[in-house]
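K.L.:
Supplied structure: work_24.cif, mmCIF, C-alpha atoms.
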```cif
data_entry
#
loop_
_atom_site.label_atom_id
_atom_site.label_comp_id
_atom_site.auth_asym_id
_atom_site.auth_seq_id
_atom_site.Cartn_x
_atom_site.Cartn_y
_atom_site.Cartn_z
CA MET A 840 71.07 64.45 -15.64
CA THR A 841 71.44 64.92 -11.89
CA VAL A 842 69.51 67.04 -9.39
CA PRO A 843 71.10 68.36 -6.15
CA LEU A 844 69.58 66.85 -3.02
CA GLU A 845 68.30 70.20 -1.73
CA VAL A 846 66.56 70.88 -5.05
CA LEU A 847 64.98 67.42 -5.02
CA ALA A 848 63.74 68.09 -1.46
CA LEU A 849 62.04 71.31 -2.60
CA LEU A 850 60.47 69.48 -5.54
CA VAL A 851 59.09 66.89 -3.12
CA VAL A 852 57.54 69.62 -0.94
CA ALA A 853 56.03 71.24 -4.04
CA ALA A 854 54.58 67.90 -5.13
CA LEU A 855 53.05 67.36 -1.67
CA VAL A 856 51.31 70.76 -1.70
CA ALA A 857 50.26 70.30 -5.33
CA GLY A 858 48.69 66.94 -4.49
CA TRP A 859 46.62 68.52 -1.70
CA VAL A 860 45.40 71.39 -3.89
CA ASP A 861 44.67 69.08 -6.80
CA ALA A 862 42.63 66.70 -4.64
CA VAL A 863 40.44 69.45 -3.20
CA VAL A 864 39.63 71.41 -6.33
CA GLY A 865 42.31 70.94 -9.01
CA GLY A 866 45.05 73.29 -10.14
CA GLY A 867 47.97 71.54 -8.46
CA GLY A 868 49.93 71.91 -11.68
CA LEU A 869 50.11 75.64 -10.91
CA ILE A 870 52.50 74.70 -8.12
CA GLN A 871 54.24 71.61 -9.43
CA LEU A 872 55.02 72.48 -13.06
CA PRO A 873 56.66 75.87 -12.31
CA SER A 874 58.68 74.14 -9.57
CA LEU A 875 60.01 71.65 -12.10
CA LEU A 876 60.82 74.44 -14.54
CA LEU A 877 62.84 76.21 -11.84
CA GLY A 878 64.42 73.13 -10.25
CA LEU A 879 65.52 71.01 -13.21
CA PRO A 880 68.61 71.92 -15.26
CA SER A 881 68.04 74.76 -17.74
CA ASP A 882 68.79 72.50 -20.70
CA THR A 883 66.05 69.99 -19.77
CA PRO A 884 63.68 69.57 -22.76
CA VAL A 885 60.15 70.91 -22.26
CA ALA A 886 58.70 67.51 -23.14
CA THR A 887 60.78 65.87 -20.38
CA ILE A 888 59.50 68.40 -17.82
CA ALA A 889 55.91 67.87 -18.95
CA GLY A 890 56.21 64.07 -18.93
CA THR A 891 57.87 63.98 -15.50
CA ASN A 892 55.17 66.29 -14.16
CA LYS A 893 52.46 63.91 -15.45
CA VAL A 894 53.96 60.92 -13.61
CA SER A 895 53.76 62.77 -10.31
CA SER A 896 50.30 64.17 -11.00
CA PHE A 897 48.92 60.76 -11.94
CA ALA A 898 49.85 59.27 -8.54
CA GLY A 899 48.17 62.05 -6.56
CA THR A 900 45.08 62.07 -8.76
CA LEU A 901 44.73 58.28 -8.47
CA THR A 902 44.77 58.51 -4.66
CA ALA A 903 42.29 61.39 -4.63
CA ALA A 904 39.96 59.63 -7.08
CA THR A 905 39.98 56.51 -4.90
CA ALA A 906 39.12 58.55 -1.80
CA TYR A 907 36.25 60.33 -3.58
CA LEU A 908 34.83 57.06 -4.92
CA ARG A 909 34.55 55.72 -1.38
CA SER A 910 32.44 58.68 -0.22
CA VAL A 911 30.77 60.30 -3.24
CA ARG A 912 28.25 58.53 -5.45
CA VAL A 913 29.39 58.51 -9.07
CA HIS A 914 27.13 57.69 -12.03
CA TRP A 915 29.47 55.63 -14.17
CA GLN A 916 27.77 56.31 -17.51
CA GLN A 917 28.40 60.01 -16.93
CA ALA A 918 31.93 59.36 -15.69
CA LEU A 919 32.80 57.19 -18.70
CA ALA A 920 31.50 59.85 -21.10
CA ILE A 921 33.80 62.57 -19.75
CA MET A 922 36.70 60.11 -19.38
CA ALA A 923 36.42 59.00 -23.02
CA GLY A 924 36.57 62.58 -24.23
CA ALA A 925 39.41 63.36 -21.81
CA CYS A 926 41.48 60.41 -23.06
CA ALA A 927 41.17 61.38 -26.73
CA GLY A 928 41.75 65.07 -26.05
CA SER A 929 44.80 64.56 -23.85
CA ALA A 930 46.50 62.14 -26.24
CA GLY A 931 45.96 64.58 -29.09
CA GLY A 932 47.17 67.54 -27.05
CA ALA A 933 50.33 65.74 -25.93
CA ARG A 934 51.11 64.85 -29.54
CA LEU A 935 50.43 68.36 -30.86
CA VAL A 936 52.31 70.26 -28.14
CA GLN A 937 55.50 70.32 -30.21
CA PHE A 938 53.70 72.04 -33.09
CA LEU A 939 51.47 74.57 -31.32
CA PRO A 940 52.79 77.83 -29.80
CA ARG A 941 51.76 77.80 -26.15
CA GLN A 942 51.62 81.59 -25.96
CA TRP A 943 48.37 81.47 -27.90
CA PHE A 944 46.64 79.67 -25.04
CA THR A 945 47.65 81.86 -22.12
CA PRO A 946 45.69 85.09 -22.85
CA ILE A 947 42.56 83.14 -23.85
CA VAL A 948 42.66 80.93 -20.77
CA LEU A 949 43.26 83.97 -18.55
CA VAL A 950 40.15 85.77 -19.84
CA VAL A 951 38.00 82.66 -19.42
CA LEU A 952 39.37 81.96 -15.94
CA VAL A 953 38.82 85.49 -14.63
CA GLY A 954 35.32 85.55 -16.10
CA VAL A 955 34.31 82.27 -14.50
CA GLY A 956 35.94 83.23 -11.19
CA VAL A 957 33.91 86.45 -11.01
CA PHE A 958 30.78 84.53 -12.09
CA THR A 959 31.28 82.01 -9.24
CA LEU A 960 32.08 84.72 -6.67
CA ARG A 961 28.90 86.65 -7.50
CA ARG A 962 26.73 83.53 -7.08
CA PRO A 963 27.28 82.14 -3.57
CA ALA A 964 24.81 79.28 -4.16
CA LEU A 965 26.56 78.04 -7.30
CA GLY A 966 27.91 74.54 -6.79
CA VAL A 967 26.71 74.27 -3.18
CA GLU A 968 23.93 71.89 -4.21
CA ASN A 969 23.91 69.19 -6.89
CA ARG A 970 21.32 70.24 -9.53
CA VAL A 971 22.12 68.58 -12.85
CA ARG A 972 20.32 70.43 -15.64
CA HIS A 973 20.56 67.79 -18.38
CA GLN A 974 19.71 64.12 -18.73
CA GLY A 975 20.34 61.20 -21.06
CA ARG A 976 22.11 61.71 -24.37
CA ALA A 977 22.30 65.49 -24.00
CA LEU A 978 24.16 65.12 -20.69
CA HIS A 979 26.57 62.48 -22.00
CA LEU A 980 27.34 64.51 -25.13
CA ARG A 981 28.15 67.60 -23.04
CA LEU A 982 30.37 65.55 -20.76
CA LEU A 983 32.17 64.05 -23.76
CA LEU A 984 32.84 67.51 -25.24
CA ILE A 985 34.03 68.89 -21.88
CA GLY A 986 36.43 65.97 -21.57
CA LEU A 987 37.67 66.38 -25.14
CA LEU A 988 38.35 70.13 -24.95
CA ILE A 989 39.87 70.28 -21.47
CA GLY A 990 41.74 67.04 -22.10
CA CYS A 991 43.36 68.60 -25.17
CA TYR A 992 44.40 71.58 -23.05
CA ASP A 993 45.88 69.25 -20.43
CA GLY A 994 47.91 67.30 -22.96
CA ALA A 995 49.24 70.47 -24.57
CA VAL A 996 49.61 72.87 -21.63
CA GLY A 997 48.53 71.38 -18.30
CA PRO A 998 48.30 73.68 -15.24
CA GLY A 999 44.78 74.26 -13.95
CA THR A 1000 43.19 71.28 -15.73
CA GLY A 1001 41.43 70.00 -12.62
CA THR A 1002 40.13 73.48 -11.91
CA PHE A 1003 38.78 73.83 -15.44
CA PHE A 1004 37.02 70.48 -15.17
CA VAL A 1005 35.33 71.63 -11.95
CA ILE A 1006 34.40 74.99 -13.52
CA ALA A 1007 32.78 73.31 -16.52
CA LEU A 1008 30.94 70.65 -14.52
CA VAL A 1009 29.52 73.15 -12.01
CA SER A 1010 28.63 76.00 -14.37
CA LEU A 1011 27.60 74.10 -17.53
CA ILE A 1012 26.08 70.93 -16.09
CA GLY A 1013 24.93 71.93 -12.60
CA TYR A 1014 26.91 69.55 -10.38
CA GLY A 1015 27.72 70.51 -6.80
CA PHE A 1016 31.38 71.22 -6.11
CA LEU A 1017 31.88 67.92 -4.30
CA GLU A 1018 30.32 65.83 -7.07
CA ALA A 1019 32.14 67.87 -9.72
CA SER A 1020 35.45 67.31 -7.93
CA ALA A 1021 34.90 63.55 -7.92
CA LEU A 1022 34.18 63.48 -11.67
CA ALA A 1023 37.05 65.89 -12.32
CA LYS A 1024 39.46 63.51 -10.59
CA LEU A 1025 38.40 60.62 -12.83
CA ALA A 1026 38.70 62.79 -15.94
CA ASN A 1027 42.05 64.23 -14.84
CA LEU A 1028 43.31 60.72 -14.08
CA THR A 1029 42.46 59.77 -17.65
CA THR A 1030 44.18 62.81 -19.17
CA ASN A 1031 47.33 62.11 -17.16
CA ALA A 1032 47.41 58.45 -18.19
CA ALA A 1033 46.92 59.27 -21.87
CA ALA A 1034 49.63 61.95 -21.82
CA ILE A 1035 52.05 59.65 -19.97
CA ALA A 1036 51.54 56.98 -22.64
CA VAL A 1037 52.44 59.46 -25.40
CA PHE A 1038 55.47 60.86 -23.54
CA TRP A 1039 56.60 57.33 -22.61
CA ILE A 1040 56.46 56.18 -26.23
CA HIS A 1041 58.73 59.08 -27.16
CA GLY A 1042 61.11 58.30 -24.26
CA VAL A 1043 61.11 61.76 -22.68
CA ILE A 1044 60.07 61.01 -19.06
CA TRP A 1045 62.65 61.39 -16.28
CA TRP A 1046 61.38 58.51 -14.17
CA ARG A 1047 63.67 58.86 -11.12
CA VAL A 1048 62.51 62.40 -10.34
CA GLY A 1049 58.93 61.67 -11.38
CA LEU A 1050 58.52 58.67 -9.09
CA VAL A 1051 60.02 60.44 -6.05
CA MET A 1052 57.65 63.36 -6.55
CA ALA A 1053 54.81 60.91 -7.18
CA ALA A 1054 55.11 59.54 -3.64
CA ALA A 1055 54.78 63.07 -2.20
CA ASN A 1056 51.92 63.98 -4.55
CA LEU A 1057 50.13 60.77 -3.57
CA THR A 1058 50.35 61.72 0.12
CA GLY A 1059 49.04 65.23 -0.53
CA GLY A 1060 46.19 63.88 -2.65
CA TRP A 1061 45.10 61.47 0.07
CA ILE A 1062 45.02 64.22 2.72
CA GLY A 1063 43.25 66.72 0.44
CA ALA A 1064 40.53 64.32 -0.70
CA ARG A 1065 39.68 63.32 2.87
CA MET A 1066 39.40 66.99 3.89
CA ALA A 1067 37.17 67.79 0.90
CA VAL A 1068 34.82 64.89 1.62
CA ARG A 1069 34.68 65.75 5.33
CA HIS A 1070 33.95 69.48 4.89
CA GLY A 1071 31.70 69.32 1.79
CA SER A 1072 30.96 71.63 -1.13
CA ARG A 1073 31.23 74.94 0.75
CA PHE A 1074 34.81 74.17 1.76
CA VAL A 1075 35.67 73.10 -1.79
CA ARG A 1076 34.12 76.33 -3.13
CA LYS A 1077 36.39 78.46 -0.92
CA VAL A 1078 39.52 76.58 -1.99
CA PHE A 1079 38.29 76.78 -5.58
CA LEU A 1080 38.12 80.59 -5.48
CA VAL A 1081 41.58 80.87 -3.91
CA THR A 1082 43.01 78.53 -6.54
CA VAL A 1083 41.35 80.44 -9.38
CA ALA A 1084 42.82 83.68 -8.05
CA GLY A 1085 46.31 82.17 -7.87
CA LEU A 1086 46.04 80.65 -11.33
CA ALA A 1087 44.80 83.95 -12.75
CA VAL A 1088 47.79 85.82 -11.27
CA LYS A 1089 50.18 83.25 -12.74
CA LEU A 1090 48.57 83.40 -16.19
CA ALA A 1091 48.52 87.21 -16.10
CA TRP A 1092 52.24 87.23 -15.27
CA ASP A 1093 52.94 84.82 -18.15
CA THR A 1094 50.85 86.93 -20.54
CA VAL A 1095 52.73 90.13 -19.65
CA ALA A 1096 56.07 88.30 -19.94
CA GLN A 1097 55.21 87.17 -23.47
CA PHE A 1098 54.92 90.74 -24.74
CA ARG A 1099 57.97 92.24 -23.04
#
```
So that I can check it, write out the structure of this file as structure tokens.
P.N.:
Amino acid sequence: MTVPLEVLALLVVAALVAGWVDAVVGGGGLIQLPSLLLGLPSDTPVATIAGTNKVSSFAGTLTAATAYLRSVRVHWQQALAIMAGACAGSAGGARLVQFLPRQWFTPIVLVVLVGVGVFTLRRPALGVENRVRHQGRALHLRLLLIGLLIGCYDGAVGPGTGTFFVIALVSLIGYGFLEASALAKLANLTTNAAAIAVFWIHGVIWWRVGLVMAAANLTGGWIGARMAVRHGSRFVRKVFLVTVAGLAVKLAWDTVAQFR
């Protein structure tokens, strides 16, 4: 398969913007995955598009995670709990994607996303301060389950995973947006790595396109993470709400298209 140079250039720009959005609050897949669907040849298998998308996303998420770790304190027992669940969930989701109809997910995710977006908008103080409501085993179990469920979604569907991690960590656990974003990057890094391993084993990744986009995504992730750390949770909250609105519009469009 070949991609025209102008199309590849647009994919690189999309990957750069997606890396920035993903680093700040998650949801870069909302930009990058549709760009791949539009830019790659129409006969490209869905698994190849998904696998190529993961290669690019992994690079940007790795850069963002590194930047967060330099500036935000992470409790590694908590991080490892959500990462373990994310790894198992993503590997399972990537394996099951060929058997599960994706149209089942879209309306459910849309309802949840709109509900949480309204909930966050109506509570200006939510996520501005770090107030973890659980401790010990109860906290680690919740983090494990969050990682497992959202990781499964990422392996099977993908767009908005980082946003969903932030939503869950802020609303269910009580993290501030900045701390939640740092943990979300580590969890999202794990889901990407697990999915890549599954797609790689099945030989469906288009490495040439994926690696070129990865360089752009990496650059966007580095810029976005530095801006998030510099401006703090209030800035991340604003970007979060904009991203949720965009993701909701996209999911609503997909839901309507399914029933035409």
K.L.:
Could you state which residues are captured by the PyMOL selection byres ((chain A and resi 1084) around 12) in this file, as a ChimeraX atom specification?
P.N.:
/A:866,869,949,952-957,959-960,999,1002,1077-1083,1085-1091
K.L.:
Can you write just those residues out, C-alpha atoms, as a PDB file, keeping the file's coordinate frame?
P.N.:
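Written output follows (again_6.pdb):
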```
ATOM      1  CA  GLY A 866      45.050  73.290 -10.140  1.00  0.00           C
ATOM      2  CA  LEU A 869      50.110  75.640 -10.910  1.00  0.00           C
ATOM      3  CA  LEU A 949      43.260  83.970 -18.550  1.00  0.00           C
ATOM      4  CA  LEU A 952      39.370  81.960 -15.940  1.00  0.00           C
ATOM      5  CA  VAL A 953      38.820  85.490 -14.630  1.00  0.00           C
ATOM      6  CA  GLY A 954      35.320  85.550 -16.100  1.00  0.00           C
ATOM      7  CA  VAL A 955      34.310  82.270 -14.500  1.00  0.00           C
ATOM      8  CA  GLY A 956      35.940  83.230 -11.190  1.00  0.00           C
ATOM      9  CA  VAL A 957      33.910  86.450 -11.010  1.00  0.00           C
ATOM     10  CA  THR A 959      31.280  82.010  -9.240  1.00  0.00           C
ATOM     11  CA  LEU A 960      32.080  84.720  -6.670  1.00  0.00           C
ATOM     12  CA  GLY A 999      44.780  74.260 -13.950  1.00  0.00           C
ATOM     13  CA  THR A1002      40.130  73.480 -11.910  1.00  0.00           C
ATOM     14  CA  LYS A1077      36.390  78.460  -0.920  1.00  0.00           C
ATOM     15  CA  VAL A1078      39.520  76.580  -1.990  1.00  0.00           C
ATOM     16  CA  PHE A1079      38.290  76.780  -5.580  1.00  0.00           C
ATOM     17  CA  LEU A1080      38.120  80.590  -5.480  1.00  0.00           C
ATOM     18  CA  VAL A1081      41.580  80.870  -3.910  1.00  0.00           C
ATOM     19  CA  THR A1082      43.010  78.530  -6.540  1.00  0.00           C
ATOM     20  CA  VAL A1083      41.350  80.440  -9.380  1.00  0.00           C
ATOM     21  CA  GLY A1085      46.310  82.170  -7.870  1.00  0.00           C
ATOM     22  CA  LEU A1086      46.040  80.650 -11.330  1.00  0.00           C
ATOM     23  CA  ALA A1087      44.800  83.950 -12.750  1.00  0.00           C
ATOM     24  CA  VAL A1088      47.790  85.820 -11.270  1.00  0.00           C
ATOM     25  CA  LYS A1089      50.180  83.250 -12.740  1.00  0.00           C
ATOM     26  CA  LEU A1090      48.570  83.400 -16.190  1.00  0.00           C
ATOM     27  CA  ALA A1091      48.520  87.210 -16.100  1.00  0.00           C
TER      28      ALA A1091
END
```
K.L.:
Starting from the displayed file, determine the output of the PyMOL selection byres ((chain A and resi 902-907) around 6) and express the residue list as a list in words.
P.N.:
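Given this file, the PyMOL selection byres ((chain A and resi 902-907) around 6) evaluates to Ala862, Gly899, Thr900, Leu901, Leu908, Arg909, Ser910, Val911, Ala1021, Lys1024, Leu1057, Gly1060, Trp1061 and Ala1064 of chain A.
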K.L.:
Given the choices A:Ala1026, A:Leu879, A:Val971, A:Ala857, which gets closest to Gly928 in chain A if the distance is worked out from only C-alpha atoms?
P.N.:
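Using only C-alpha atoms, the shortest distance to Gly928 in chain A belongs to A:Ala1026.
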K.L.:
Counting all atoms listed in the file, figure out which residue out of A:Pro946, A:Gly924, A:Gly1049, A:Gly1059 gets nearest to Leu872 in chain A.
P.N.:
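Nearest to Leu872 in chain A: A:Gly1049.
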K.L.:
Using the chain letters and residue numbers of this document, give as a list in words the residues selected by the PyMOL selection byres ((chain A and resi 916) around 12).
P.N.:
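Selected by the PyMOL selection byres ((chain A and resi 916) around 12) here: Val913, His914, Trp915, Gln917, Ala918, Leu919, Ala920, Ile921, Met922, Ala923, Gln974, Gly975, Arg976, Leu978, His979, Leu980, Leu982, Leu983 and Leu1022 of chain A.
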K.L.:
If we count only C-alpha atoms, what is near Val1043 in chain A at a cut-off of 8 Å, once residues fewer than 2 positions away on the same chain are taken out, given as a ChimeraX atom specification?
P.N.:
/A:886-887,890,1038-1039,1041,1045
K.L.:
Could you tell me how far CA of Arg972 in chain A sits from CA of Tyr1014 in chain A, in Å to one decimal place?
P.N.:
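Separation of CA of Tyr1014 in chain A and CA of Arg972 in chain A: 8.5 Å.
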K.L.:
I'd like the interatomic distance between CA of Leu844 in chain A and CA of Pro884 in chain A, to a tenth of an Å.
P.N.:
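CA of Pro884 in chain A lies 20.8 Å from CA of Leu844 in chain A.
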K.L.:
Report the distance between CA of Ala854 in chain A and CA of Val996 in chain A in Å, rounded to one decimal place.
P.N.:
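Separation of CA of Ala854 in chain A and CA of Val996 in chain A: 17.9 Å.
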K.L.:
Of the candidates A:Val894, A:Leu877, A:Ala1096, A:Leu988, which shows the shortest atom-to-atom distance to Val1048 in chain A, using only C-alpha atoms?
P.N.:
A:Val894
K.L.:
Mind checking which residues fall within 12 Å of Leu1050 in chain A, counting all atoms listed in the file, ignoring those fewer than 6 positions away in the same chain, and posting them as a PyMOL selection string?
P.N.:
chain A and resi 847+850-851+854+890-899+1044+1056-1057
K.L.:
Counting only C-alpha atoms, which of A:Val842, A:Ala853, A:Ala848, A:Val860 gets nearest to Thr883 in chain A?
P.N.:
A:Val842
K.L.:
With 8 Å as the threshold, what does the neighbourhood of (71.9, 67.6, -18.5) contain in terms of residues, counting all atoms listed in the file? Coordinates are those of the file; answer as number ranges by chain.
P.N.:
A: 840-841, 880, 882-883
K.L.:
When you look at Ala930 in chain A with a cut-off of 9 Å (counting all atoms listed in the file), what residues show up, excluding the ones that are within fewer than 4 positions of it in the same chain? I need them as number ranges by chain.
P.N.:
A: 925-926, 934-935, 990-991, 994-995, 1030, 1032-1037
